[in-house]
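Text of input-v2.txt (compact mmCIF, C-alpha atoms and all ligand atoms) as supplied:
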```
# COMPACT_ATOMS: atom_id res chain seq x y z
CA MET R 20 24.79 -22.48 32.15
CA PRO R 21 23.18 -19.90 29.85
CA MET R 22 21.67 -16.83 31.47
CA ILE R 23 20.10 -13.52 30.61
CA GLU R 24 20.51 -9.96 31.79
CA ILE R 25 17.73 -7.36 31.78
CA LEU R 26 19.01 -3.87 31.00
CA ASP R 27 16.80 -2.18 33.60
CA ASP R 28 16.92 1.34 32.21
CA ALA R 29 15.99 0.21 28.67
CA CYS R 30 13.13 -2.06 29.86
CA LYS R 31 9.67 -0.48 29.85
CA GLY R 32 7.87 -3.38 31.52
CA CYS R 33 5.71 -4.14 28.47
CA LEU R 34 5.82 -7.81 29.55
CA LEU R 35 5.94 -9.26 26.02
CA CYS R 36 8.93 -11.40 27.11
CA VAL R 37 7.00 -13.00 30.00
CA PRO R 38 4.88 -15.42 27.90
CA ALA R 39 7.73 -15.79 25.38
CA CYS R 40 9.95 -17.70 27.86
CA PRO R 41 9.10 -21.43 27.66
CA HIS R 42 10.35 -21.94 31.24
CA GLU R 43 8.59 -18.92 32.80
CA LEU R 44 11.82 -17.42 34.09
CA ILE R 45 10.86 -13.76 33.61
CA HIS R 46 8.55 -12.17 36.14
CA ASN R 47 6.69 -8.93 36.70
CA THR R 48 7.81 -8.53 40.31
CA LYS R 49 7.46 -4.72 40.48
CA ALA R 50 10.31 -4.87 43.02
CA LYS R 51 12.20 -1.85 41.70
CA LEU R 52 11.78 1.24 39.56
CA ASN R 53 14.16 2.22 36.78
CA LYS R 54 15.45 5.72 35.93
CA ARG R 55 12.34 6.45 33.91
CA GLY R 56 9.99 5.44 36.71
CA LEU R 57 8.93 2.17 35.07
CA TYR R 58 9.02 -1.33 36.51
CA PRO R 59 11.56 -3.48 34.67
CA VAL R 60 10.92 -7.23 34.58
CA GLU R 61 13.11 -9.57 36.62
CA TYR R 62 14.90 -12.75 35.64
CA VAL R 63 14.49 -15.42 38.32
CA ASP R 64 16.26 -18.70 37.62
CA PRO R 65 17.45 -20.40 40.83
CA ASP R 66 17.52 -23.88 39.22
CA GLY R 67 19.46 -22.80 36.12
CA LYS R 68 16.67 -23.71 33.70
CA CYS R 69 17.57 -21.11 31.04
CA THR R 70 18.55 -22.80 27.76
CA GLY R 71 19.75 -19.63 26.06
CA CYS R 72 17.05 -19.96 23.38
CA ARG R 73 16.93 -16.12 22.98
CA LEU R 74 13.13 -16.05 22.57
CA CYS R 75 12.82 -13.29 25.19
CA ALA R 76 15.45 -11.16 23.46
CA ILE R 77 13.83 -11.67 20.04
CA VAL R 78 10.42 -10.37 21.15
CA CYS R 79 11.81 -7.48 23.25
CA PRO R 80 10.82 -4.19 21.53
CA ASP R 81 13.51 -2.27 23.39
CA ALA R 82 16.57 -4.47 22.87
CA ALA R 83 16.73 -4.62 26.66
CA ILE R 84 17.74 -8.27 27.07
CA ARG R 85 21.24 -9.65 26.74
CA VAL R 86 21.71 -13.43 26.48
CA TYR R 87 24.91 -15.17 27.57
CA LYS R 88 26.03 -18.70 26.76
CA GLU R 89 29.01 -20.46 28.30
CA VAL R 90 32.01 -20.89 26.01
CA LYS R 91 32.58 -24.65 25.69
CA LYS R 92 36.20 -25.43 26.50
CA LYS R 93 37.73 -28.12 24.32
CA SER R 94 39.12 -30.78 26.71
CA ALA R 95 42.84 -31.30 26.16
CA MET P 287 30.54 -12.55 19.17
CA ASP P 288 31.88 -10.81 22.24
CA VAL P 289 33.27 -13.04 24.98
CA ILE P 290 33.17 -11.88 28.59
CA THR P 291 34.26 -13.48 31.87
CA ILE P 292 31.84 -13.60 34.80
CA GLU P 293 33.13 -15.13 38.07
CA GLY P 294 35.82 -17.08 36.25
CA THR P 295 33.54 -18.53 33.55
CA GLU P 296 33.78 -17.40 29.94
CA TYR P 297 30.50 -16.49 28.25
CA LYS P 298 29.74 -15.46 24.72
CA VAL P 299 27.02 -12.87 24.20
CA VAL P 300 24.43 -14.43 21.86
CA ALA P 301 21.89 -11.60 21.95
CA GLU P 302 22.43 -7.92 22.66
CA ARG P 303 21.68 -4.44 21.37
CA PRO P 304 22.85 -4.37 17.72
CA LYS P 305 25.84 -2.15 16.85
CA SER P 306 23.85 -0.12 14.32
CA LEU P 307 21.69 1.27 17.13
CA THR P 308 22.82 4.13 19.37
CA ASP P 309 22.68 3.77 23.17
CA THR P 310 19.66 6.11 23.32
CA PRO P 311 16.68 4.14 24.68
CA PHE P 312 13.66 4.14 22.37
CA THR P 313 10.95 6.68 23.17
CA TYR P 314 8.14 4.49 21.81
CA CYS P 315 5.28 3.41 24.07
CA PRO P 316 5.85 0.20 26.09
CA GLY P 317 5.18 -2.80 23.84
CA CYS P 318 5.30 -0.82 20.57
CA ASN P 319 6.65 -2.86 17.66
CA HIS P 320 8.40 0.19 16.19
CA GLY P 321 11.19 -0.84 18.61
CA THR P 322 11.17 -4.48 17.50
CA THR P 323 11.34 -3.36 13.87
CA HIS P 324 14.26 -0.98 14.61
CA LYS P 325 16.10 -3.81 16.35
CA ILE P 326 15.82 -6.33 13.50
CA ILE P 327 16.73 -3.71 10.87
CA ALA P 328 19.88 -2.87 12.86
CA GLU P 329 20.71 -6.57 13.18
CA VAL P 330 20.40 -7.02 9.41
CA ILE P 331 22.62 -3.98 8.77
CA ASP P 332 25.20 -5.37 11.21
CA GLU P 333 25.12 -8.79 9.54
CA LEU P 334 25.48 -7.31 6.04
CA GLY P 335 28.30 -5.03 7.26
CA ILE P 336 26.81 -1.95 5.55
CA GLN P 337 26.43 0.44 8.49
CA HIS P 338 29.04 2.86 7.08
CA ARG P 339 27.16 3.05 3.75
CA CYS P 340 23.65 3.50 5.14
CA ILE P 341 21.50 6.62 4.89
CA GLY P 342 18.15 6.45 6.64
CA ILE P 343 15.12 8.60 5.90
CA ALA P 344 13.07 9.45 9.00
CA SER P 345 9.46 10.07 8.04
CA VAL P 346 6.73 11.86 9.98
CA GLY P 347 4.89 9.70 12.51
CA CYS P 348 5.95 8.10 15.78
CA SER P 349 9.21 7.09 14.07
CA VAL P 350 10.07 10.75 13.38
CA PHE P 351 12.87 10.47 15.96
CA SER P 352 14.36 7.30 14.46
CA TYR P 353 17.48 9.32 13.56
CA GLU P 354 18.22 9.34 17.30
CA PHE P 355 18.17 5.55 17.48
CA PHE P 356 20.02 4.35 14.36
CA ASP P 357 23.75 4.89 14.36
CA PHE P 358 24.25 6.07 10.77
CA ASP P 359 23.41 9.12 8.66
CA PHE P 360 19.79 10.20 8.57
CA ILE P 361 17.67 12.78 6.78
CA SER P 362 14.43 14.02 8.34
CA VAL P 363 11.85 14.78 5.67
CA PRO P 364 8.36 16.30 5.29
CA HIS P 365 5.34 14.05 5.74
CA GLY P 366 4.99 11.52 2.92
CA ARG P 367 8.08 12.60 0.99
CA ALA P 368 10.48 9.92 2.23
CA LEU P 369 10.79 8.01 -1.05
CA ALA P 370 11.20 11.22 -3.06
CA VAL P 371 14.13 12.31 -0.87
CA ALA P 372 15.54 8.75 -0.90
CA THR P 373 15.46 8.84 -4.70
CA GLY P 374 17.52 12.03 -4.77
CA ALA P 375 20.01 10.81 -2.16
CA LYS P 376 20.52 7.47 -3.92
CA ARG P 377 21.03 9.09 -7.31
CA MET P 378 23.60 11.57 -5.96
CA ARG P 379 25.36 8.88 -3.90
CA PRO P 380 24.87 5.60 -5.73
CA ASP P 381 27.30 3.78 -3.43
CA SER P 382 25.21 4.41 -0.36
CA VAL P 383 22.44 2.15 0.93
CA LEU P 384 19.12 3.99 1.31
CA MET P 385 16.42 3.00 3.77
CA THR P 386 13.13 4.78 4.30
CA TYR P 387 11.24 4.05 7.51
CA GLN P 388 7.57 4.98 7.12
CA GLY P 389 4.25 4.49 8.86
CA ASP P 390 0.97 3.73 7.13
CA GLY P 391 -0.22 7.32 7.43
CA ASP P 392 3.00 8.49 5.83
CA LEU P 393 3.36 5.88 3.10
CA ALA P 394 -0.25 5.00 2.28
CA ALA P 395 -2.05 8.34 2.80
CA ILE P 396 -0.13 11.57 2.26
CA GLY P 397 2.77 9.79 0.49
CA THR P 398 0.82 7.48 -1.85
CA ALA P 399 2.03 9.17 -5.04
CA GLU P 400 5.69 9.11 -3.98
CA THR P 401 5.39 5.45 -3.02
CA ILE P 402 3.82 4.29 -6.27
CA HIS P 403 6.19 6.23 -8.50
CA ALA P 404 9.36 5.32 -6.60
CA CYS P 405 8.35 1.67 -6.95
CA ASN P 406 7.41 2.03 -10.60
CA ARG P 407 10.72 3.72 -11.38
CA GLY P 408 12.47 0.82 -9.69
CA GLU P 409 14.45 3.10 -7.40
CA ARG P 410 17.29 1.20 -5.74
CA VAL P 411 16.07 1.94 -2.22
CA THR P 412 14.68 -0.20 0.60
CA CYS P 413 11.42 0.86 2.19
CA ILE P 414 10.37 -0.38 5.62
CA PHE P 415 6.63 0.19 5.90
CA VAL P 416 5.25 -0.08 9.44
CA ASN P 417 1.53 -0.82 9.14
CA ASN P 418 -0.22 -0.38 12.50
CA ALA P 419 -3.60 0.46 10.93
CA ILE P 420 -3.70 3.89 12.60
CA TYR P 421 -2.11 7.34 12.88
CA GLY P 422 -0.21 6.66 16.09
CA MET P 423 1.64 9.91 16.65
CA THR P 424 -1.34 12.24 16.35
CA GLY P 425 -3.48 10.25 18.75
CA GLY P 426 -5.15 7.42 16.86
CA GLN P 427 -6.99 8.75 13.79
CA MET P 428 -8.17 6.42 11.03
CA ALA P 429 -5.61 5.51 8.36
CA PRO P 430 -6.24 4.08 4.87
CA THR P 431 -5.14 0.76 6.40
CA THR P 432 -7.59 0.82 9.33
CA LEU P 433 -9.59 -2.43 9.45
CA LEU P 434 -13.34 -2.48 8.84
CA GLY P 435 -15.23 -1.96 12.07
CA MET P 436 -12.15 -0.65 13.87
CA LYS P 437 -12.91 2.28 16.18
CA THR P 438 -10.58 5.26 15.97
CA THR P 439 -10.95 8.90 17.00
CA THR P 440 -12.13 9.78 13.46
CA SER P 441 -14.28 6.64 13.04
CA PRO P 442 -15.87 6.41 16.48
CA LEU P 443 -18.53 3.98 15.29
CA GLY P 444 -16.01 1.77 13.50
CA ARG P 445 -14.78 1.99 9.90
CA ASP P 446 -17.64 1.55 7.49
CA ALA P 447 -16.75 0.41 3.94
CA LYS P 448 -19.75 2.11 2.37
CA ARG P 449 -18.60 5.54 3.49
CA ILE P 450 -14.85 5.21 3.79
CA GLY P 451 -13.83 2.25 1.65
CA TRP P 452 -11.69 -0.74 2.48
CA PRO P 453 -8.29 -1.21 4.18
CA MET P 454 -5.66 -0.40 1.56
CA LYS P 455 -3.38 -3.29 0.61
CA MET P 456 -0.12 -1.64 -0.36
CA SER P 457 1.98 -4.77 -0.91
CA GLU P 458 -0.60 -6.24 -3.29
CA MET P 459 -0.83 -2.88 -5.09
CA LEU P 460 2.88 -2.38 -5.60
CA ALA P 461 3.93 -5.94 -6.46
CA PRO P 462 2.64 -5.90 -10.08
CA LEU P 463 4.69 -2.79 -10.92
CA GLN P 464 7.73 -3.70 -13.00
CA GLY P 465 10.13 -1.65 -10.89
CA ALA P 466 9.47 -3.80 -7.82
CA ALA P 467 12.21 -6.31 -7.02
CA TYR P 468 11.15 -7.58 -3.62
CA ILE P 469 7.86 -6.95 -1.80
CA ALA P 470 6.85 -8.90 1.31
CA ARG P 471 4.43 -8.59 4.20
CA VAL P 472 5.58 -9.79 7.62
CA SER P 473 4.32 -9.58 11.18
CA MET P 474 5.69 -8.80 14.64
CA HIS P 475 3.31 -10.89 16.74
CA ASP P 476 5.69 -13.62 17.97
CA ALA P 477 9.34 -14.71 17.92
CA LYS P 478 8.92 -17.00 14.91
CA HIS P 479 7.39 -14.24 12.80
CA ILE P 480 9.94 -11.69 13.99
CA LEU P 481 12.72 -13.98 12.72
CA LYS P 482 10.87 -14.38 9.40
CA ALA P 483 10.55 -10.60 9.21
CA LYS P 484 14.27 -10.25 9.74
CA ALA P 485 14.98 -12.64 6.85
CA ALA P 486 12.62 -10.62 4.61
CA ILE P 487 14.33 -7.33 5.54
CA LYS P 488 17.69 -8.88 4.71
CA LYS P 489 16.38 -9.90 1.27
CA ALA P 490 15.03 -6.39 0.72
CA PHE P 491 18.47 -4.89 1.39
CA ARG P 492 20.05 -7.53 -0.86
CA ALA P 493 17.75 -6.43 -3.70
CA GLN P 494 19.21 -2.95 -3.37
CA LEU P 495 22.81 -4.15 -2.99
CA GLU P 496 22.47 -6.33 -6.10
CA ASP P 497 20.91 -3.41 -8.01
CA LYS P 498 17.67 -5.31 -8.72
CA GLY P 499 15.17 -2.52 -8.10
CA PHE P 500 12.75 -1.23 -5.48
CA SER P 501 12.23 -3.27 -2.32
CA MET P 502 9.64 -2.94 0.42
CA VAL P 503 8.80 -4.90 3.54
CA GLU P 504 5.39 -4.20 5.09
CA VAL P 505 5.55 -4.88 8.82
CA LEU P 506 2.25 -5.54 10.64
CA SER P 507 2.84 -3.78 13.90
CA ASN P 508 1.34 -3.11 17.30
CA CYS P 509 -0.01 0.29 18.37
CA ASN P 510 -1.47 -1.04 21.57
CA VAL P 511 -1.85 2.43 23.08
CA ASN P 512 -4.13 3.81 20.37
CA TRP P 513 -5.83 0.44 19.97
CA HIS P 514 -6.61 0.72 23.72
CA MET P 515 -5.11 -2.69 24.48
CA THR P 516 -2.29 -4.14 26.55
CA PRO P 517 0.85 -5.07 24.56
CA GLN P 518 -0.14 -8.76 24.77
CA GLU P 519 -3.66 -8.05 23.53
CA GLY P 520 -2.13 -5.94 20.78
CA VAL P 521 0.07 -8.70 19.36
CA LYS P 522 -2.90 -11.06 19.61
CA PHE P 523 -4.93 -8.57 17.57
CA ILE P 524 -2.21 -8.60 14.89
CA GLU P 525 -2.23 -12.38 14.80
CA GLU P 526 -6.00 -12.81 14.75
CA GLN P 527 -7.33 -9.73 12.91
CA MET P 528 -4.57 -7.92 11.03
CA THR P 529 -3.16 -11.01 9.30
CA LYS P 530 -6.69 -11.94 8.15
CA ASN P 531 -7.07 -8.61 6.35
CA PHE P 532 -3.43 -8.33 5.34
CA PRO P 533 -2.21 -11.84 4.39
CA LEU P 534 1.46 -12.46 5.14
CA GLY P 535 3.82 -13.58 2.40
CA VAL P 536 6.13 -12.62 -0.44
CA TYR P 537 4.35 -10.67 -3.18
CA LYS P 538 7.33 -10.12 -5.48
CA ASP P 539 10.64 -11.94 -5.63
CA VAL P 540 12.94 -10.98 -8.47
CA TRP P 541 15.29 -13.93 -7.87
CA GLN P 542 12.42 -16.42 -8.15
CA GLU P 543 11.24 -14.77 -11.37
CA GLU P 544 14.76 -14.85 -12.81
CA ALA P 545 15.10 -18.54 -11.94
CA ALA P 546 11.71 -19.30 -13.53
CA LYS P 547 12.74 -17.44 -16.71
CA GLN P 548 16.02 -19.36 -16.78
CA THR P 549 14.30 -22.77 -16.53
CA ALA P 550 11.78 -21.72 -19.19
CA LYS P 551 14.69 -20.79 -21.48
CA GLU P 552 16.51 -24.04 -20.82
CA GLU P 553 13.39 -26.07 -21.52
CA GLY P 554 13.04 -24.13 -24.79
C1 LIG R 601 1.97 17.91 6.11
C2 LIG R 601 1.53 17.30 7.39
N1 LIG R 601 0.27 16.88 7.54
C3 LIG R 601 -0.14 16.32 8.69
C4 LIG R 601 0.73 16.16 9.73
C5 LIG R 601 0.24 15.54 11.03
N2 LIG R 601 0.70 14.18 11.22
C6 LIG R 601 1.81 13.90 11.95
S1 LIG R 601 2.10 12.26 12.09
C7 LIG R 601 0.71 11.89 11.18
C8 LIG R 601 0.30 10.48 10.90
C9 LIG R 601 1.35 9.45 11.17
O1 LIG R 601 0.84 8.18 11.05
P1 LIG R 601 1.74 6.97 10.58
O2 LIG R 601 2.54 7.37 9.39
O3 LIG R 601 0.85 5.79 10.43
O4 LIG R 601 2.78 6.76 11.75
P2 LIG R 601 2.62 6.07 13.19
O5 LIG R 601 2.67 7.20 14.15
O6 LIG R 601 1.33 5.32 13.21
O7 LIG R 601 3.80 5.18 13.32
C10 LIG R 601 0.06 13.04 10.78
C11 LIG R 601 -1.18 13.06 9.98
C12 LIG R 601 2.07 16.59 9.55
N3 LIG R 601 3.01 16.44 10.51
N4 LIG R 601 2.44 17.15 8.37
S1 LIG R 602 1.44 5.78 19.65
FE1 LIG R 602 1.38 3.68 18.82
S2 LIG R 602 2.88 3.65 17.13
FE2 LIG R 602 3.29 5.46 18.40
S3 LIG R 602 4.91 4.82 19.86
FE3 LIG R 602 2.90 4.55 20.86
S4 LIG R 602 2.33 2.39 20.44
FE4 LIG R 602 3.96 2.99 19.00
MG MG R 603 0.53 4.19 11.65
```
Same coordinates, now as structure tokens:
Amino acid sequence: MPMIEILDDACKGCLLCVPACPHELIHNTKAKLNKRGLYPVEYVDPDGKCTGCRLCAIVCPDAAIRVYKEVKKKSA
Amino acid sequence: MDVITIEGTEYKVVAERPKSLTDTPFTYCPGCNHGTTHKIIAEVIDELGIQHRCIGIASVGCSVFSYEFFDFDFISVPHGRALAVATGAKRMRPDSVLMTYQGDGDLAAIGTAETIHACNRGERVTCIFVNNAIYGMTGGQMAPTTLLGMKTTTSPLGRDAKRIGWPMKMSEMLAPLQGAAYIARVSMHDAKHILKAKAAIKKAFRAQLEDKGFSMVEVLSNCNVNWHMTPQEGVKFIEEQMTKNFPLGVYKDVWQEEAAKQTAKEEG
């Protein structure tokens, strides 16, 4: 399953990624502070809905989102 | 693409911080599109494989510290003089790739003469022009690009055309000059337009690499802090107001002109 990682210390909590995600997987939870005293967003995806579309990473002004996609193994 | 293993599963990284950026986090305000613009420039430089040849020119404005964020050589220059210094650097080191990164106050106010003449001379440099319709760094004064009716600290009642004239359209002004190879205006207001902007920036660098002439990409950008908006309201303002005054599109494309000339020749 694809997934994303928020680089907490680069994120400034501008929230531009929140409406960018078509599945509403990024939330402004304000659950923790980063090194700079800002609230980074949180990625919440218990049902594995992320498609790896990268829209959140594209709109991020701080290059604070990393997107991972599973490597498809060729069946022998 | 890098491949990493997490809990026994192999993943490839499909989006991450581009290699042409340093690890230093940007100092721009939350939501500022200076960051977005930096990111797509660095991605283009990575994709073209020209990082080792790049020299950036950091102009005066909020992007004055851009030399901290891009991982290649940089020159910091006086206000408005970016294209003059880029001209000198390119002529002394013709194998390097020159990029100026300038705001609207820098490029369209104090640096107007440098901009017009560098374009007219067809300098082989790429100019990234961040138009946020305001002087961001100094606290939100009116710029030549400020929209009519827009309130700034130096136009508290809103810009009035009768007294202060109209928002200056740099792309439209520069495109007719014969030295221009590629001139486009793009916007940062959503993912689709950011990807379009990236394609335009790549073309602008190609114009320099193929020795075609001067290239500029005007980026309509958010200064939500001095616009007194949230980042979301800011990008909405770009989409609804800025693009109305500053129409997006390609204003000069040397490849298209060459192709048109070629067909005209073939048809006799
Ligand atoms: C010679 C000189 N005049 C004036 C200034 C003050 N000053 C610093 S930044 C700036 C305007 C920057 O606006 P812009 O280029 O639009 O950049 P932004 O911050 O909006 O990205 C001005 C007038 C200066 N540093 N040097
Ligand atoms: S003042 Fe405006 S242009 Fe400058 S960093 Fe802040 S949002 Fe960006
Ligand atoms: Mg500006």
What are the closest atom pairs, with distances in Å to one decimal, for all residues of chain R lying within 10 Å of chain P? Consider only C-alpha atoms, order rows by chain and residue number, and present the result as CSV.
```
residue,atom,partner,partner_atom,distance
R:Met20,CA,P:Tyr297,CA,9.1
R:Pro21,CA,P:Tyr297,CA,8.2
R:Met22,CA,P:Tyr297,CA,9.4
R:Ile23,CA,P:Ala301,CA,9.0
R:Glu24,CA,P:Glu302,CA,9.6
R:Leu26,CA,P:Glu302,CA,9.9
R:Asp28,CA,P:Pro311,CA,8.0
R:Ala29,CA,P:Pro311,CA,5.6
R:Cys30,CA,P:Pro316,CA,8.5
R:Lys31,CA,P:Pro316,CA,5.4
R:Gly32,CA,P:Pro316,CA,6.8
R:Cys33,CA,P:Gly317,CA,4.8
R:Leu34,CA,P:Pro517,CA,7.6
R:Leu35,CA,P:Gln518,CA,6.2
R:Cys36,CA,P:Gln518,CA,9.7
R:Val37,CA,P:Gln518,CA,9.8
R:Pro38,CA,P:Gln518,CA,8.9
R:Ala39,CA,P:Ala477,CA,7.7
R:Leu57,CA,P:Pro316,CA,9.7
R:Gly71,CA,P:Val300,CA,8.2
R:Cys72,CA,P:Val300,CA,9.3
R:Arg73,CA,P:Ala301,CA,6.8
R:Leu74,CA,P:Ala477,CA,6.1
R:Cys75,CA,P:Ala477,CA,8.2
R:Ala76,CA,P:Ala301,CA,6.6
R:Ile77,CA,P:Ala477,CA,5.8
R:Val78,CA,P:Ala477,CA,5.5
R:Cys79,CA,P:Thr322,CA,6.5
R:Pro80,CA,P:Thr322,CA,4.1
R:Asp81,CA,P:Gly321,CA,5.5
R:Ala82,CA,P:Arg303,CA,5.3
R:Ala83,CA,P:Arg303,CA,7.2
R:Ile84,CA,P:Glu302,CA,6.4
R:Arg85,CA,P:Glu302,CA,4.6
R:Val86,CA,P:Ala301,CA,4.9
R:Tyr87,CA,P:Val299,CA,4.6
R:Lys88,CA,P:Tyr297,CA,5.2
R:Glu89,CA,P:Tyr297,CA,4.2
R:Val90,CA,P:Tyr297,CA,5.2
R:Lys91,CA,P:Glu296,CA,8.5
R:Lys92,CA,P:Glu296,CA,9.1
```
*asked:* Neighbouring residues of Phe523 of chain P were defined as those with any atom within 10 Å, considering all atoms listed in the file; residues of the same chain fewer than 6 positions away were excluded. Please report them as a PyMOL selection string.
replied: chain P and resi 475+507-508+510+513+515+517+529
Per residue of chain P within 12 Å of ligand MG 603 (chain R), record the nearest atom pair and its distance in Å to one decimal, counting only C-alpha atoms and all ligand atoms, with rows in chain order and ascending residue number, as a Markdown table.
```
| residue | atom | partner | partner_atom | distance |
| --- | --- | --- | --- | --- |
| P:Cys318 | CA | R:MG603 | MG | 11.3 |
| P:Asn319 | CA | R:MG603 | MG | 11.1 |
| P:His320 | CA | R:MG603 | MG | 9.9 |
| P:Ser345 | CA | R:MG603 | MG | 11.3 |
| P:Val346 | CA | R:MG603 | MG | 10.0 |
| P:Gly347 | CA | R:MG603 | MG | 7.1 |
| P:Cys348 | CA | R:MG603 | MG | 7.9 |
| P:Ser349 | CA | R:MG603 | MG | 9.5 |
| P:Val350 | CA | R:MG603 | MG | 11.7 |
| P:Tyr387 | CA | R:MG603 | MG | 11.5 |
| P:Gln388 | CA | R:MG603 | MG | 8.4 |
| P:Gly389 | CA | R:MG603 | MG | 4.7 |
| P:Asp390 | CA | R:MG603 | MG | 4.6 |
| P:Gly391 | CA | R:MG603 | MG | 5.3 |
| P:Asp392 | CA | R:MG603 | MG | 7.6 |
| P:Leu393 | CA | R:MG603 | MG | 9.2 |
| P:Ala394 | CA | R:MG603 | MG | 9.4 |
| P:Ala395 | CA | R:MG603 | MG | 10.1 |
| P:Ile396 | CA | R:MG603 | MG | 12.0 |
| P:Phe415 | CA | R:MG603 | MG | 9.3 |
| P:Val416 | CA | R:MG603 | MG | 6.7 |
| P:Asn417 | CA | R:MG603 | MG | 5.7 |
| P:Asn418 | CA | R:MG603 | MG | 4.7 |
| P:Ala419 | CA | R:MG603 | MG | 5.6 |
| P:Ile420 | CA | R:MG603 | MG | 4.3 |
| P:Tyr421 | CA | R:MG603 | MG | 4.3 |
| P:Gly422 | CA | R:MG603 | MG | 5.1 |
| P:Met423 | CA | R:MG603 | MG | 7.7 |
| P:Thr424 | CA | R:MG603 | MG | 9.5 |
| P:Gly425 | CA | R:MG603 | MG | 10.2 |
| P:Gly426 | CA | R:MG603 | MG | 8.4 |
| P:Gln427 | CA | R:MG603 | MG | 9.1 |
| P:Met428 | CA | R:MG603 | MG | 9.0 |
| P:Ala429 | CA | R:MG603 | MG | 7.1 |
| P:Pro430 | CA | R:MG603 | MG | 9.6 |
| P:Thr431 | CA | R:MG603 | MG | 8.5 |
| P:Thr432 | CA | R:MG603 | MG | 9.1 |
| P:Thr438 | CA | R:MG603 | MG | 12.0 |
| P:Glu504 | CA | R:MG603 | MG | 11.7 |
| P:Val505 | CA | R:MG603 | MG | 10.7 |
| P:Leu506 | CA | R:MG603 | MG | 9.9 |
| P:Ser507 | CA | R:MG603 | MG | 8.6 |
| P:Asn508 | CA | R:MG603 | MG | 9.3 |
| P:Cys509 | CA | R:MG603 | MG | 7.8 |
| P:Asn510 | CA | R:MG603 | MG | 11.4 |
| P:Val511 | CA | R:MG603 | MG | 11.8 |
| P:Asn512 | CA | R:MG603 | MG | 9.9 |
| P:Trp513 | CA | R:MG603 | MG | 11.1 |
```
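Between ligand LIG 601 (chain R) and the residues P:Met436, P:Ala368, P:Ile524, P:Ala483, the shortest atom-to-atom distance, using only C-alpha atoms and all ligand atoms, involves P:Ala368.
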*Non-local contacts of segment 334-342 of chain P (10 Å; only C-alpha atoms; under 4 positions in same chain excluded) as a PyMOL selection string*: chain P and resi 305-307+328-330+352-353+356-362+368+372+375-376+379+381-387+412-413+488+491-492+495
_Using Å and a single decimal, report how far atom CA of Leu443 of chain P sits from atom S1 of ligand LIG 602 (chain R)._
20.5 Å
_One decimal, in Å: what's the spacing between atom CA of Arg407 of chain P and atom CA of Gly465 of chain P?_
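So the answer is 5.4 Å.
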*When you draw a straight line from atom CA of Gly499 of chain P to atom CA of Tyr468 of chain P, how long is it in Å?*
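Here the two named atoms are 7.9 Å from each other.
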Edge lengths and centre in Å to one decimal, as JSON, of the axis-aligned box that encloses all listed atoms of ligand LIG 602 (chain R) with 4 Å added on every side?
```
{"center_x": 3.1, "center_y": 4.1, "center_z": 19.0, "size_x": 11.5, "size_y": 11.4, "size_z": 11.7}
```
Assuming the input is short of atoms at segment 487-498 of chain P, produce N, CA and C atoms for that part as a PDB file, keeping the file's coordinate frame.
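File produced: selection27.pdb:
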```pdb
ATOM      1  N   ILE P 487      13.638  -8.633   5.595  1.00  0.00           N
ATOM      2  CA  ILE P 487      14.330  -7.330   5.540  1.00  0.00           C
ATOM      3  C   ILE P 487      15.721  -7.505   4.941  1.00  0.00           C
ATOM      4  N   LYS P 488      16.355  -8.621   5.271  1.00  0.00           N
ATOM      5  CA  LYS P 488      17.690  -8.880   4.710  1.00  0.00           C
ATOM      6  C   LYS P 488      17.593  -9.021   3.190  1.00  0.00           C
ATOM      7  N   LYS P 489      16.569  -9.728   2.716  1.00  0.00           N
ATOM      8  CA  LYS P 489      16.380  -9.900   1.270  1.00  0.00           C
ATOM      9  C   LYS P 489      16.128  -8.554   0.603  1.00  0.00           C
ATOM     10  N   ALA P 490      15.351  -7.699   1.289  1.00  0.00           N
ATOM     11  CA  ALA P 490      15.030  -6.390   0.720  1.00  0.00           C
ATOM     12  C   ALA P 490      16.308  -5.559   0.541  1.00  0.00           C
ATOM     13  N   PHE P 491      17.201  -5.612   1.529  1.00  0.00           N
ATOM     14  CA  PHE P 491      18.470  -4.890   1.390  1.00  0.00           C
ATOM     15  C   PHE P 491      19.329  -5.525   0.288  1.00  0.00           C
ATOM     16  N   ARG P 492      19.279  -6.863   0.194  1.00  0.00           N
ATOM     17  CA  ARG P 492      20.050  -7.530  -0.860  1.00  0.00           C
ATOM     18  C   ARG P 492      19.587  -7.090  -2.249  1.00  0.00           C
ATOM     19  N   ALA P 493      18.270  -6.879  -2.399  1.00  0.00           N
ATOM     20  CA  ALA P 493      17.750  -6.430  -3.700  1.00  0.00           C
ATOM     21  C   ALA P 493      18.378  -5.100  -4.084  1.00  0.00           C
ATOM     22  N   GLN P 494      18.570  -4.232  -3.092  1.00  0.00           N
ATOM     23  CA  GLN P 494      19.210  -2.950  -3.370  1.00  0.00           C
ATOM     24  C   GLN P 494      20.706  -3.122  -3.650  1.00  0.00           C
ATOM     25  N   LEU P 495      21.363  -3.955  -2.835  1.00  0.00           N
ATOM     26  CA  LEU P 495      22.810  -4.150  -2.990  1.00  0.00           C
ATOM     27  C   LEU P 495      23.140  -4.802  -4.324  1.00  0.00           C
ATOM     28  N   GLU P 496      22.240  -5.663  -4.810  1.00  0.00           N
ATOM     29  CA  GLU P 496      22.470  -6.330  -6.100  1.00  0.00           C
ATOM     30  C   GLU P 496      21.845  -5.547  -7.255  1.00  0.00           C
ATOM     31  N   ASP P 497      21.395  -4.312  -6.967  1.00  0.00           N
ATOM     32  CA  ASP P 497      20.910  -3.410  -8.010  1.00  0.00           C
ATOM     33  C   ASP P 497      19.701  -3.969  -8.768  1.00  0.00           C
ATOM     34  N   LYS P 498      18.803  -4.648  -8.052  1.00  0.00           N
ATOM     35  CA  LYS P 498      17.670  -5.310  -8.720  1.00  0.00           C
ATOM     36  C   LYS P 498      16.472  -4.375  -8.898  1.00  0.00           C
TER      37      LYS P 498
END
```
